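Peer 1: File coords-v1.cif below, mmCIF, C-alpha atoms:
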data_my_file
loop_
_atom_site.group_PDB
_atom_site.id
_atom_site.type_symbol
_atom_site.label_atom_id
_atom_site.label_comp_id
_atom_site.auth_asym_id
_atom_site.auth_seq_id
_atom_site.Cartn_x
_atom_site.Cartn_y
_atom_site.Cartn_z
ATOM 1 C CA MET C 1 -19.872 32.043 -14.218
ATOM 2 C CA SER C 2 -22.016 28.941 -14.511
ATOM 3 C CA ASP C 3 -25.252 28.410 -12.606
ATOM 4 C CA TRP C 4 -23.789 25.418 -10.736
ATOM 5 C CA THR C 5 -22.716 25.832 -7.105
ATOM 6 C CA VAL C 6 -20.477 23.504 -5.097
ATOM 7 C CA ILE C 7 -23.286 21.906 -3.098
ATOM 8 C CA GLU C 8 -25.478 21.415 -6.172
ATOM 9 C CA LEU C 9 -22.651 19.704 -8.052
ATOM 10 C CA VAL C 10 -21.836 17.365 -5.165
ATOM 11 C CA ALA C 11 -25.475 16.297 -4.890
ATOM 12 C CA ARG C 12 -25.945 15.898 -8.658
ATOM 13 C CA THR C 13 -22.673 13.970 -9.026
ATOM 14 C CA GLU C 14 -23.517 11.660 -6.135
ATOM 15 C CA SER C 15 -26.837 10.833 -7.827
ATOM 16 C CA TYR C 16 -25.104 10.236 -11.158
ATOM 17 C CA PHE C 17 -22.449 7.979 -9.599
ATOM 18 C CA ASN C 18 -25.166 6.012 -7.817
ATOM 19 C CA SER C 19 -26.894 5.411 -11.151
ATOM 20 C CA ARG C 20 -23.595 4.084 -12.546
ATOM 21 C CA CYS C 21 -22.923 1.893 -9.461
ATOM 22 C CA VAL C 22 -19.718 3.787 -8.691
ATOM 23 C CA GLU C 23 -18.199 2.889 -5.323
ATOM 24 C CA SER C 24 -18.377 5.597 -2.604
ATOM 25 C CA PRO C 25 -20.359 8.044 -4.742
ATOM 26 C CA ARG C 26 -20.561 10.961 -2.278
ATOM 27 C CA LEU C 27 -16.923 10.723 -1.235
ATOM 28 C CA SER C 28 -15.806 10.441 -4.853
ATOM 29 C CA ALA C 29 -17.760 13.564 -5.771
ATOM 30 C CA GLU C 30 -16.304 15.544 -2.861
ATOM 31 C CA ILE C 31 -12.694 14.514 -3.503
ATOM 32 C CA LEU C 32 -12.900 15.181 -7.231
ATOM 33 C CA LEU C 33 -14.532 18.581 -6.832
ATOM 34 C CA GLY C 34 -12.042 19.562 -4.144
ATOM 35 C CA PHE C 35 -9.218 18.433 -6.421
ATOM 36 C CA CYS C 36 -10.646 20.450 -9.303
ATOM 37 C CA LEU C 37 -10.863 23.588 -7.150
ATOM 38 C CA ASP C 38 -7.630 22.859 -5.219
ATOM 39 C CA ILE C 39 -9.344 22.947 -1.831
ATOM 40 C CA GLY C 40 -9.967 20.366 0.897
ATOM 41 C CA ARG C 41 -13.270 18.678 1.716
ATOM 42 C CA VAL C 42 -13.923 20.918 4.753
ATOM 43 C CA GLU C 43 -13.257 24.061 2.729
ATOM 44 C CA LEU C 44 -15.526 22.664 0.037
ATOM 45 C CA TYR C 45 -18.503 22.911 2.402
ATOM 46 C CA LEU C 46 -17.433 26.279 3.758
ATOM 47 C CA ASN C 47 -17.831 27.423 0.156
ATOM 48 C CA HIS C 48 -21.009 25.438 -0.526
ATOM 49 C CA ASP C 49 -22.735 28.267 -2.401
ATOM 50 C CA ARG C 50 -19.712 29.189 -4.542
ATOM 51 C CA PRO C 51 -20.492 28.958 -8.268
ATOM 52 C CA LEU C 52 -17.983 27.377 -10.634
ATOM 53 C CA ASP C 53 -16.750 29.256 -13.653
ATOM 54 C CA GLU C 54 -17.017 27.597 -17.058
ATOM 55 C CA GLY C 55 -13.401 26.416 -17.076
ATOM 56 C CA GLU C 56 -13.722 24.797 -13.642
ATOM 57 C CA LEU C 57 -16.981 23.161 -14.644
ATOM 58 C CA ALA C 58 -15.434 21.703 -17.798
ATOM 59 C CA ARG C 59 -12.478 20.284 -15.832
ATOM 60 C CA TYR C 60 -14.790 18.799 -13.222
ATOM 61 C CA ARG C 61 -17.013 17.148 -15.826
ATOM 62 C CA GLU C 62 -13.968 15.399 -17.299
ATOM 63 C CA LEU C 63 -12.999 14.092 -13.850
ATOM 64 C CA VAL C 64 -16.544 12.835 -13.345
ATOM 65 C CA ARG C 65 -16.509 11.048 -16.713
ATOM 66 C CA ARG C 66 -13.302 9.261 -15.741
ATOM 67 C CA ARG C 67 -14.699 8.189 -12.371
ATOM 68 C CA ALA C 68 -17.938 7.016 -13.994
ATOM 69 C CA ARG C 69 -15.796 4.562 -15.988
ATOM 70 C CA ASN C 70 -14.623 3.210 -12.595
ATOM 71 C CA GLU C 71 -11.158 4.735 -12.789
ATOM 72 C CA PRO C 72 -9.894 4.926 -9.178
ATOM 73 C CA VAL C 73 -10.014 8.353 -7.563
ATOM 74 C CA ALA C 74 -6.348 8.026 -6.561
ATOM 75 C CA TYR C 75 -5.272 7.595 -10.171
ATOM 76 C CA ILE C 76 -7.361 10.600 -11.213
ATOM 77 C CA THR C 77 -5.935 12.882 -8.515
ATOM 78 C CA GLY C 78 -2.482 11.287 -8.492
ATOM 79 C CA LYS C 79 -2.384 11.006 -4.711
ATOM 80 C CA LYS C 80 -3.525 8.887 -1.796
ATOM 81 C CA GLY C 81 -3.340 9.405 1.955
ATOM 82 C CA PHE C 82 -1.673 6.619 3.961
ATOM 83 C CA TRP C 83 -0.570 6.538 7.620
ATOM 84 C CA GLU C 84 0.704 10.094 8.271
ATOM 85 C CA HIS C 85 1.495 11.282 4.739
ATOM 86 C CA GLU C 86 0.062 11.791 1.289
ATOM 87 C CA PHE C 87 1.704 9.678 -1.409
ATOM 88 C CA SER C 88 1.960 10.143 -5.139
ATOM 89 C CA VAL C 89 0.408 7.259 -7.079
ATOM 90 C CA ARG C 90 -0.134 6.545 -10.743
ATOM 91 C CA PRO C 91 -1.269 3.671 -12.959
ATOM 92 C CA GLY C 92 1.169 0.791 -12.670
ATOM 93 C CA VAL C 93 1.448 0.876 -8.874
ATOM 94 C CA LEU C 94 -0.986 -0.554 -6.352
ATOM 95 C CA ILE C 95 -3.013 2.080 -4.509
ATOM 96 C CA PRO C 96 -2.241 1.988 -0.753
ATOM 97 C CA ARG C 97 -5.093 0.594 1.363
ATOM 98 C CA PRO C 98 -6.064 1.290 4.983
ATOM 99 C CA ASP C 99 -5.727 -2.448 5.711
ATOM 100 C CA THR C 100 -2.008 -2.198 4.973
ATOM 101 C CA GLU C 101 -1.561 0.304 7.799
ATOM 102 C CA THR C 102 -1.709 -2.789 10.042
ATOM 103 C CA LEU C 103 1.657 -3.760 8.534
ATOM 104 C CA VAL C 104 3.152 -0.377 9.439
ATOM 105 C CA GLU C 105 1.662 -0.398 12.926
ATOM 106 C CA LYS C 106 3.059 -3.845 13.761
ATOM 107 C CA ALA C 107 6.472 -3.052 12.271
ATOM 108 C CA LEU C 108 6.795 0.068 14.431
ATOM 109 C CA GLU C 109 5.739 -1.871 17.511
ATOM 110 C CA LEU C 110 8.429 -4.487 16.898
ATOM 111 C CA MET C 111 11.086 -1.890 16.094
ATOM 112 C CA ASP C 112 10.392 -0.203 19.427
ATOM 113 C CA GLY C 113 10.469 -3.487 21.355
ATOM 114 C CA PRO C 114 13.274 -4.593 23.644
ATOM 115 C CA GLY C 115 16.303 -6.156 21.986
ATOM 116 C CA PHE C 116 15.254 -5.430 18.414
ATOM 117 C CA ALA C 117 18.389 -5.381 16.227
ATOM 118 C CA ASN C 118 20.392 -5.512 19.478
ATOM 119 C CA ASP C 119 19.173 -1.983 20.137
ATOM 120 C CA GLY C 120 21.326 -0.581 17.311
ATOM 121 C CA PRO C 121 20.421 0.828 13.889
ATOM 122 C CA ALA C 122 18.296 -1.807 12.166
ATOM 123 C CA ARG C 123 18.296 -2.856 8.523
ATOM 124 C CA ILE C 124 14.707 -2.830 7.231
ATOM 125 C CA LEU C 125 13.712 -4.090 3.762
ATOM 126 C CA GLU C 126 10.406 -3.943 1.921
ATOM 127 C CA LEU C 127 9.869 -6.322 -0.987
ATOM 128 C CA GLY C 128 7.458 -5.242 -3.739
ATOM 129 C CA CYS C 129 7.364 -1.642 -2.538
ATOM 130 C CA GLY C 130 4.804 -0.323 -5.059
ATOM 131 C CA SER C 131 4.260 3.357 -4.225
ATOM 132 C CA GLY C 132 6.646 3.103 -1.262
ATOM 133 C CA ALA C 133 3.890 3.949 1.217
ATOM 134 C CA VAL C 134 4.927 1.293 3.762
ATOM 135 C CA ILE C 135 8.710 1.714 3.765
ATOM 136 C CA VAL C 136 8.591 5.512 3.492
ATOM 137 C CA SER C 137 6.138 5.660 6.416
ATOM 138 C CA LEU C 138 8.508 3.536 8.508
ATOM 139 C CA ALA C 139 11.570 5.556 7.536
ATOM 140 C CA ALA C 140 9.793 8.815 8.368
ATOM 141 C CA ALA C 141 8.719 7.486 11.760
ATOM 142 C CA ARG C 142 12.024 5.850 12.751
ATOM 143 C CA PRO C 143 14.784 7.698 10.876
ATOM 144 C CA GLY C 144 17.627 6.240 12.949
ATOM 145 C CA ASN C 145 17.521 2.954 11.043
ATOM 146 C CA ARG C 146 18.620 1.925 7.535
ATOM 147 C CA PHE C 147 15.873 1.353 4.986
ATOM 148 C CA PHE C 148 15.815 -0.510 1.675
ATOM 149 C CA ALA C 149 13.125 -1.265 -0.913
ATOM 150 C CA ALA C 150 12.879 -3.364 -4.057
ATOM 151 C CA ASP C 151 10.346 -3.868 -6.828
ATOM 152 C CA CYS C 152 10.483 -5.546 -10.224
ATOM 153 C CA SER C 153 8.505 -2.678 -11.790
ATOM 154 C CA ASP C 154 10.306 0.386 -13.158
ATOM 155 C CA THR C 155 7.178 2.425 -12.459
ATOM 156 C CA ALA C 156 7.094 1.321 -8.821
ATOM 157 C CA VAL C 157 10.782 2.129 -8.357
ATOM 158 C CA ASP C 158 10.269 5.591 -9.865
ATOM 159 C CA VAL C 159 7.202 6.341 -7.737
ATOM 160 C CA THR C 160 8.838 5.082 -4.527
ATOM 161 C CA ARG C 161 11.899 7.236 -5.196
ATOM 162 C CA ALA C 162 9.687 10.266 -5.838
ATOM 163 C CA ASN C 163 7.776 9.724 -2.586
ATOM 164 C CA SER C 164 11.027 9.198 -0.711
ATOM 165 C CA GLU C 165 12.427 12.461 -2.041
ATOM 166 C CA ALA C 166 9.230 14.321 -1.132
ATOM 167 C CA ILE C 167 8.932 12.986 2.421
ATOM 168 C CA LEU C 168 12.326 11.747 3.669
ATOM 169 C CA SER C 169 15.773 13.189 4.148
ATOM 170 C CA GLU C 170 18.311 12.568 1.413
ATOM 171 C CA ASN C 171 19.762 9.034 1.270
ATOM 172 C CA GLN C 172 17.393 7.771 3.975
ATOM 173 C CA LEU C 173 15.997 5.041 1.696
ATOM 174 C CA LYS C 174 17.760 2.982 -0.955
ATOM 175 C CA VAL C 175 15.409 1.777 -3.712
ATOM 176 C CA VAL C 176 16.483 -0.839 -6.262
ATOM 177 C CA ARG C 177 14.866 -2.689 -9.139
ATOM 178 C CA GLY C 178 14.695 -6.470 -8.917
ATOM 179 C CA SER C 179 12.563 -9.518 -8.189
ATOM 180 C CA TRP C 180 12.067 -10.120 -4.480
ATOM 181 C CA LEU C 181 15.465 -10.689 -2.839
ATOM 182 C CA ASP C 182 17.581 -10.990 -5.997
ATOM 183 C CA PRO C 183 19.196 -7.526 -5.623
ATOM 184 C CA PHE C 184 20.456 -8.396 -2.129
ATOM 185 C CA ARG C 185 22.448 -11.563 -2.722
ATOM 186 C CA LYS C 186 25.503 -9.869 -1.248
ATOM 187 C CA GLY C 187 25.496 -7.801 1.904
ATOM 188 C CA PRO C 188 24.576 -7.923 5.585
ATOM 189 C CA ALA C 189 21.404 -9.629 6.774
ATOM 190 C CA PHE C 190 18.217 -7.722 7.533
ATOM 191 C CA ASP C 191 16.582 -7.342 10.921
ATOM 192 C CA MET C 192 13.136 -7.004 9.340
ATOM 193 C CA ILE C 193 11.711 -7.865 5.941
ATOM 194 C CA LEU C 194 8.210 -6.679 5.061
ATOM 195 C CA CYS C 195 5.984 -7.394 2.123
ATOM 196 C CA ASN C 196 2.454 -6.805 0.914
ATOM 197 C CA PRO C 197 2.640 -9.429 -1.847
ATOM 198 C CA PRO C 198 0.058 -10.427 -4.430
ATOM 199 C CA TYR C 199 -2.321 -12.824 -2.662
ATOM 200 C CA ILE C 200 -5.475 -13.048 -4.774
ATOM 201 C CA SER C 201 -6.253 -16.307 -6.552
ATOM 202 C CA ALA C 202 -6.828 -16.514 -10.296
ATOM 203 C CA SER C 203 -10.530 -17.127 -9.716
ATOM 204 C CA GLY C 204 -10.697 -14.353 -7.118
ATOM 205 C CA MET C 205 -9.445 -11.832 -9.655
ATOM 206 C CA LYS C 206 -12.712 -12.241 -11.567
ATOM 207 C CA THR C 207 -14.737 -11.138 -8.546
ATOM 208 C CA LEU C 208 -12.828 -7.924 -7.833
ATOM 209 C CA ALA C 209 -14.544 -4.565 -8.174
ATOM 210 C CA PRO C 210 -14.079 -3.036 -11.653
ATOM 211 C CA GLN C 211 -12.034 -0.142 -10.289
ATOM 212 C CA ILE C 212 -9.464 -2.678 -9.049
ATOM 213 C CA ARG C 213 -9.692 -5.392 -11.692
ATOM 214 C CA ASP C 214 -9.663 -3.063 -14.698
ATOM 215 C CA TYR C 215 -7.141 -0.461 -13.521
ATOM 216 C CA GLU C 216 -4.683 -1.668 -10.893
ATOM 217 C CA PRO C 217 -1.684 -3.796 -11.941
ATOM 218 C CA ALA C 218 -2.613 -7.489 -12.041
ATOM 219 C CA ARG C 219 0.920 -8.576 -11.184
ATOM 220 C CA ALA C 220 0.590 -6.752 -7.858
ATOM 221 C CA LEU C 221 -2.650 -8.627 -7.105
ATOM 222 C CA GLU C 222 -2.722 -12.161 -8.523
ATOM 223 C CA ALA C 223 -0.676 -15.023 -7.062
ATOM 224 C CA GLY C 224 -1.532 -18.223 -8.882
ATOM 225 C CA GLU C 225 -4.398 -20.645 -8.544
ATOM 226 C CA ASP C 226 -4.595 -20.507 -4.742
ATOM 227 C CA GLY C 227 -3.271 -16.988 -4.138
ATOM 228 C CA LEU C 228 -0.295 -18.287 -2.145
ATOM 229 C CA LYS C 229 2.436 -18.498 -4.786
ATOM 230 C CA CYS C 230 4.260 -15.329 -3.740
ATOM 231 C CA ILE C 231 3.900 -16.009 -0.032
ATOM 232 C CA ARG C 232 5.553 -19.409 -0.520
ATOM 233 C CA GLU C 233 8.413 -17.804 -2.473
ATOM 234 C CA ILE C 234 8.995 -15.113 0.143
ATOM 235 C CA LEU C 235 8.953 -17.540 3.054
ATOM 236 C CA ALA C 236 11.387 -19.843 1.295
ATOM 237 C CA GLY C 237 13.752 -17.072 0.254
ATOM 238 C CA ALA C 238 13.705 -14.683 3.208
ATOM 239 C CA PHE C 239 15.272 -17.117 5.670
ATOM 240 C CA ASP C 240 18.775 -16.687 4.241
ATOM 241 C CA TYR C 241 18.489 -12.894 4.291
ATOM 242 C CA LEU C 242 17.254 -12.474 7.869
ATOM 243 C CA ALA C 243 19.558 -12.058 10.841
ATOM 244 C CA GLU C 244 19.037 -14.556 13.647
ATOM 245 C CA GLY C 245 15.974 -13.386 15.541
ATOM 246 C CA GLY C 246 15.013 -11.239 12.557
ATOM 247 C CA VAL C 247 11.352 -10.973 11.655
ATOM 248 C CA LEU C 248 9.351 -11.354 8.462
ATOM 249 C CA LEU C 249 6.041 -9.478 8.169
ATOM 250 C CA ILE C 250 3.672 -10.435 5.359
ATOM 251 C CA GLU C 251 0.258 -9.011 4.587
ATOM 252 C CA ILE C 252 -2.192 -11.831 3.797
ATOM 253 C CA GLY C 253 -5.730 -12.286 2.555
ATOM 254 C CA TYR C 254 -8.401 -12.372 5.236
ATOM 255 C CA GLU C 255 -9.051 -16.112 4.717
ATOM 256 C CA GLN C 256 -5.415 -17.202 4.388
ATOM 257 C CA LYS C 257 -4.364 -17.539 8.031
ATOM 258 C CA GLU C 258 -4.484 -21.346 8.228
ATOM 259 C CA ALA C 259 -2.771 -21.803 4.869
ATOM 260 C CA VAL C 260 0.033 -19.407 5.796
ATOM 261 C CA LEU C 261 0.398 -21.094 9.184
ATOM 262 C CA ARG C 262 0.859 -24.435 7.449
ATOM 263 C CA ILE C 263 3.388 -23.068 4.947
ATOM 264 C CA ALA C 264 5.420 -21.411 7.717
ATOM 265 C CA ARG C 265 5.480 -24.557 9.831
ATOM 266 C CA GLU C 266 6.721 -26.536 6.830
ATOM 267 C CA SER C 267 9.601 -24.071 6.422
ATOM 268 C CA SER C 268 12.288 -25.034 8.913
ATOM 269 C CA GLY C 269 14.013 -22.319 10.890
ATOM 270 C CA TYR C 270 11.017 -20.139 11.694
ATOM 271 C CA GLU C 271 9.072 -19.826 14.924
ATOM 272 C CA SER C 272 5.325 -20.363 14.724
ATOM 273 C CA PRO C 273 3.681 -17.301 13.149
ATOM 274 C CA VAL C 274 1.655 -14.758 15.079
ATOM 275 C CA PHE C 275 -1.214 -13.073 13.240
ATOM 276 C CA GLU C 276 -2.378 -9.484 13.606
ATOM 277 C CA ARG C 277 -5.918 -8.323 12.889
ATOM 278 C CA ASP C 278 -6.847 -5.244 10.871
ATOM 279 C CA LEU C 279 -9.468 -2.705 11.956
ATOM 280 C CA ALA C 280 -12.217 -4.884 10.457
ATOM 281 C CA GLY C 281 -11.146 -7.786 12.678
ATOM 282 C CA HIS C 282 -9.624 -9.872 9.870
ATOM 283 C CA PHE C 283 -6.253 -11.572 10.250
ATOM 284 C CA ARG C 284 -4.164 -9.337 8.013
ATOM 285 C CA VAL C 285 -0.458 -9.619 8.892
ATOM 286 C CA ALA C 286 1.629 -12.720 9.547
ATOM 287 C CA VAL C 287 4.569 -12.092 11.904
ATOM 288 C CA ILE C 288 7.170 -14.814 11.414
ATOM 289 C CA LYS C 289 10.407 -14.759 13.425
ATOM 290 C CA LYS C 290 13.606 -16.524 12.464
ATOM 291 C CA ARG C 291 14.768 -18.819 15.221
ATOM 292 C CA ILE C 292 17.899 -17.958 17.168
ATOM 293 C CA VAL C 293 20.292 -20.902 17.061
ATOM 294 C CA ASN C 294 21.998 -21.478 20.377
ATOM 295 C CA ALA C 295 25.774 -21.641 20.186
#
Take the structure in this file and express it as structure tokens.

Peer 2:
Amino acid sequence: MSDWTVIELVARTESYFNSRCVESPRLSAEILLGFCLDIGRVELYLNHDRPLDEGELARYRELVRRRARNEPVAYITGKKGFWEHEFSVRPGVLIPRPDTETLVEKALELMDGPGFANDGPARILELGCGSGAVIVSLAAARPGNRFFAADCSDTAVDVTRANSEAILSENQLKVVRGSWLDPFRKGPAFDMILCNPPYISASGMKTLAPQIRDYEPARALEAGEDGLKCIREILAGAFDYLAEGGVLLIEIGYEQKEAVLRIARESSGYESPVFERDLAGHFRVAVIKKRIVNA
């Protein structure tokens, strides 16, 4: 056995991470040590005086070295909690954020509303599914509907399928590879299309924290000079794939409300967007309904 106990290692690691300007130093230390010992954070403190053996200490030191280089905790542990489940993640897919839970919350609210999809099984599509956290969360919560997901990344498709298999019933979610709506040129319209697209400007990419800028996939983050390139493409393309009265939900940057409002109003066939705030009070989700054309 080594001389290092759980509580001593957490305190020493927190101090070390602080000296390296690592984000969330205490939380990072707790998660990594719990991961190393295969116990949760609460159990970690119930065993605060437990010494680590030499093998455990060596494994933990390697995790700490990786985090000190600003590698995200989720990539180190291979998992991230989101909504009601824990999702597998790995380099090449965007790590799910708490802000994106606003997208799930609003989607569920609309799905439960009167008249949605004429009160029958709905067709729900997520574009750019990444880890699958959004669409899998929706499918788990409302299994009576039909769910689809697409991403242009082979890694994202693989990870979404793995999370679907771990959390959902068989054949509950269809995942395909392709750019935006290209894989769905033939087939029935969708009652809801969701997307958390890239929405960071080229200049904004330079200001991101190192753990995001240096590790997470740039193509899932950057969207041209003004950060609106992908939002424009989705708004222009989704119209033909939505059923009348269908709804488009797009996560946006916290300063993009007015720009997205203008783009939506310039796109004929949509009602004026409604914007939902995240827990920090920022406008985070644009809700854009396709107009119903009177016969």

Peer 1: Counting all atoms listed in the file, which of C:Val285, C:Tyr16, C:Gly224, C:Phe239 gets nearest to Glu105 of chain C?

Peer 2: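 Closest residue, counting all atoms listed in the file: C:Val285.
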
Peer 1: The PyMOL selection byres ((chain C and resi 44) around 10) - which residues does that actually catch in the file I just gave you? List them as a PDB file with C-alpha atoms, in the coordinates of the input.

Peer 2:
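Contents of selection.pdb, as written:
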ATOM      1  CA  VAL C   6     -20.477  23.504  -5.097  1.00  0.00           C
ATOM      2  CA  ILE C   7     -23.286  21.906  -3.098  1.00  0.00           C
ATOM      3  CA  VAL C  10     -21.836  17.365  -5.165  1.00  0.00           C
ATOM      4  CA  GLU C  30     -16.304  15.544  -2.861  1.00  0.00           C
ATOM      5  CA  ILE C  31     -12.694  14.514  -3.503  1.00  0.00           C
ATOM      6  CA  LEU C  33     -14.532  18.581  -6.832  1.00  0.00           C
ATOM      7  CA  GLY C  34     -12.042  19.562  -4.144  1.00  0.00           C
ATOM      8  CA  PHE C  35      -9.218  18.433  -6.421  1.00  0.00           C
ATOM      9  CA  LEU C  37     -10.863  23.588  -7.150  1.00  0.00           C
ATOM     10  CA  ASP C  38      -7.630  22.859  -5.219  1.00  0.00           C
ATOM     11  CA  ILE C  39      -9.344  22.947  -1.831  1.00  0.00           C
ATOM     12  CA  GLY C  40      -9.967  20.366   0.897  1.00  0.00           C
ATOM     13  CA  ARG C  41     -13.270  18.678   1.716  1.00  0.00           C
ATOM     14  CA  VAL C  42     -13.923  20.918   4.753  1.00  0.00           C
ATOM     15  CA  GLU C  43     -13.257  24.061   2.729  1.00  0.00           C
ATOM     16  CA  TYR C  45     -18.503  22.911   2.402  1.00  0.00           C
ATOM     17  CA  LEU C  46     -17.433  26.279   3.758  1.00  0.00           C
ATOM     18  CA  ASN C  47     -17.831  27.423   0.156  1.00  0.00           C
ATOM     19  CA  HIS C  48     -21.009  25.438  -0.526  1.00  0.00           C
ATOM     20  CA  ASP C  49     -22.735  28.267  -2.401  1.00  0.00           C
ATOM     21  CA  ARG C  50     -19.712  29.189  -4.542  1.00  0.00           C
TER      22      ARG C  50
END

Peer 1: I'd like to know which of C:Ala68, C:Pro217, C:Leu127, C:Ile135 is closest to Arg90 of chain C, using only C-alpha atoms.

Peer 2: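 For Arg90 of chain C, the nearest of the candidates is C:Pro217.
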
Peer 1: For segment 96-118 of chain C against segment 140-144 of chain C, with a cut-off of 12 Å and counting only C-alpha atoms, what is the closest atom pair and its distance in Å to one decimal for every residue that makes the cut, ordered by chain and number, as JSON lines?

Peer 2:
{"residue": "C:Val104", "atom": "CA", "partner": "C:Ala141", "partner_atom": "CA", "distance": 9.9}
{"residue": "C:Glu105", "atom": "CA", "partner": "C:Ala141", "partner_atom": "CA", "distance": 10.6}
{"residue": "C:Ala107", "atom": "CA", "partner": "C:Arg142", "partner_atom": "CA", "distance": 10.5}
{"residue": "C:Leu108", "atom": "CA", "partner": "C:Arg142", "partner_atom": "CA", "distance": 8.0}
{"residue": "C:Glu109", "atom": "CA", "partner": "C:Arg142", "partner_atom": "CA", "distance": 11.0}
{"residue": "C:Leu110", "atom": "CA", "partner": "C:Arg142", "partner_atom": "CA", "distance": 11.7}
{"residue": "C:Met111", "atom": "CA", "partner": "C:Arg142", "partner_atom": "CA", "distance": 8.5}
{"residue": "C:Asp112", "atom": "CA", "partner": "C:Arg142", "partner_atom": "CA", "distance": 9.2}

Peer 1: Can you give me, as a VMD selection string, the residues this file yields under the PyMOL selection byres ((chain C and resi 159) around 12)?

Peer 2: chain C and resid 78 to 79 87 to 95 129 to 133 136 149 to 151 153 to 158 160 to 166 175 to 177

Peer 1: Which one of C:Glu101, C:Asp182, C:Asp191, C:Asp278 sits closest to Arg146 of chain C if you count all atoms listed in the file?

Peer 2: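 Using all atoms listed in the file, the shortest distance to Arg146 of chain C belongs to C:Asp191.
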
Peer 1: Do you know which residues the PyMOL selection byres ((chain C and resi 283) around 12) returns on this file, as a VMD selection string?

Peer 2: chain C and resid 99 to 100 102 to 103 250 to 258 260 to 261 273 to 282 284 to 287

Peer 1: For atom CA of Ala202 of chain C and atom CA of Glu225 of chain C, determine how far apart the two atoms are, in Å to one decimal place.

Peer 2: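 Distance reported for this atom pair: 5.1 Å.
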
Peer 1: For atom CA of Phe17 of chain C and atom CA of Glu86 of chain C, determine how far apart the two atoms are, in Å to one decimal place.

Peer 2: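 Computed distance, atom CA of Phe17 of chain C to atom CA of Glu86 of chain C, equals 25.3 Å.
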
Peer 1: What gap, in Å, lies between atom CA of Asp214 of chain C and atom CA of Val73 of chain C?

Peer 2: 13.5 Å

Peer 1: Which one of C:Ala264, C:Leu32, C:Ile76, C:Ala189 sits closest to Glu56 of chain C if you count only C-alpha atoms?

Peer 2: C:Leu32

Peer 1: With only C-alpha atoms as the counted atoms, please give the residues lying no more than 6 Å from segment 245-249 of chain C, apart from itself and same-chain residues fewer than 4 positions off, as a PyMOL selection string.

Peer 2: chain C and resi 191-194+286-292

Peer 1: Point out the residue among C:Pro197, C:Gly81, C:Gly204, C:Pro210 with the least atom-to-atom distance to Glu233 of chain C, counting all atoms listed in the file.

Peer 2: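 Residue with the minimum atom-to-atom distance to Glu233 of chain C: C:Pro197.
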
Peer 1: I'd like the box whose edges run along x, y and z of the file and which contains every listed atom of segment 200-212 of chain C, padded by 8 Å per side; could you state its centre and edge lengths in Å, one decimal, as AutoDock Vina command-line options?

Peer 2:
--center_x -10.1 --center_y -8.6 --center_z -8.2 --size_x 25.3 --size_y 33.0 --size_z 22.9

Peer 1: Nearest to Tyr75 of chain C: which of C:Gln211, C:Ser272, C:Ser169, C:Asn196 is it, counting all atoms listed in the file?

Peer 2: C:Gln211
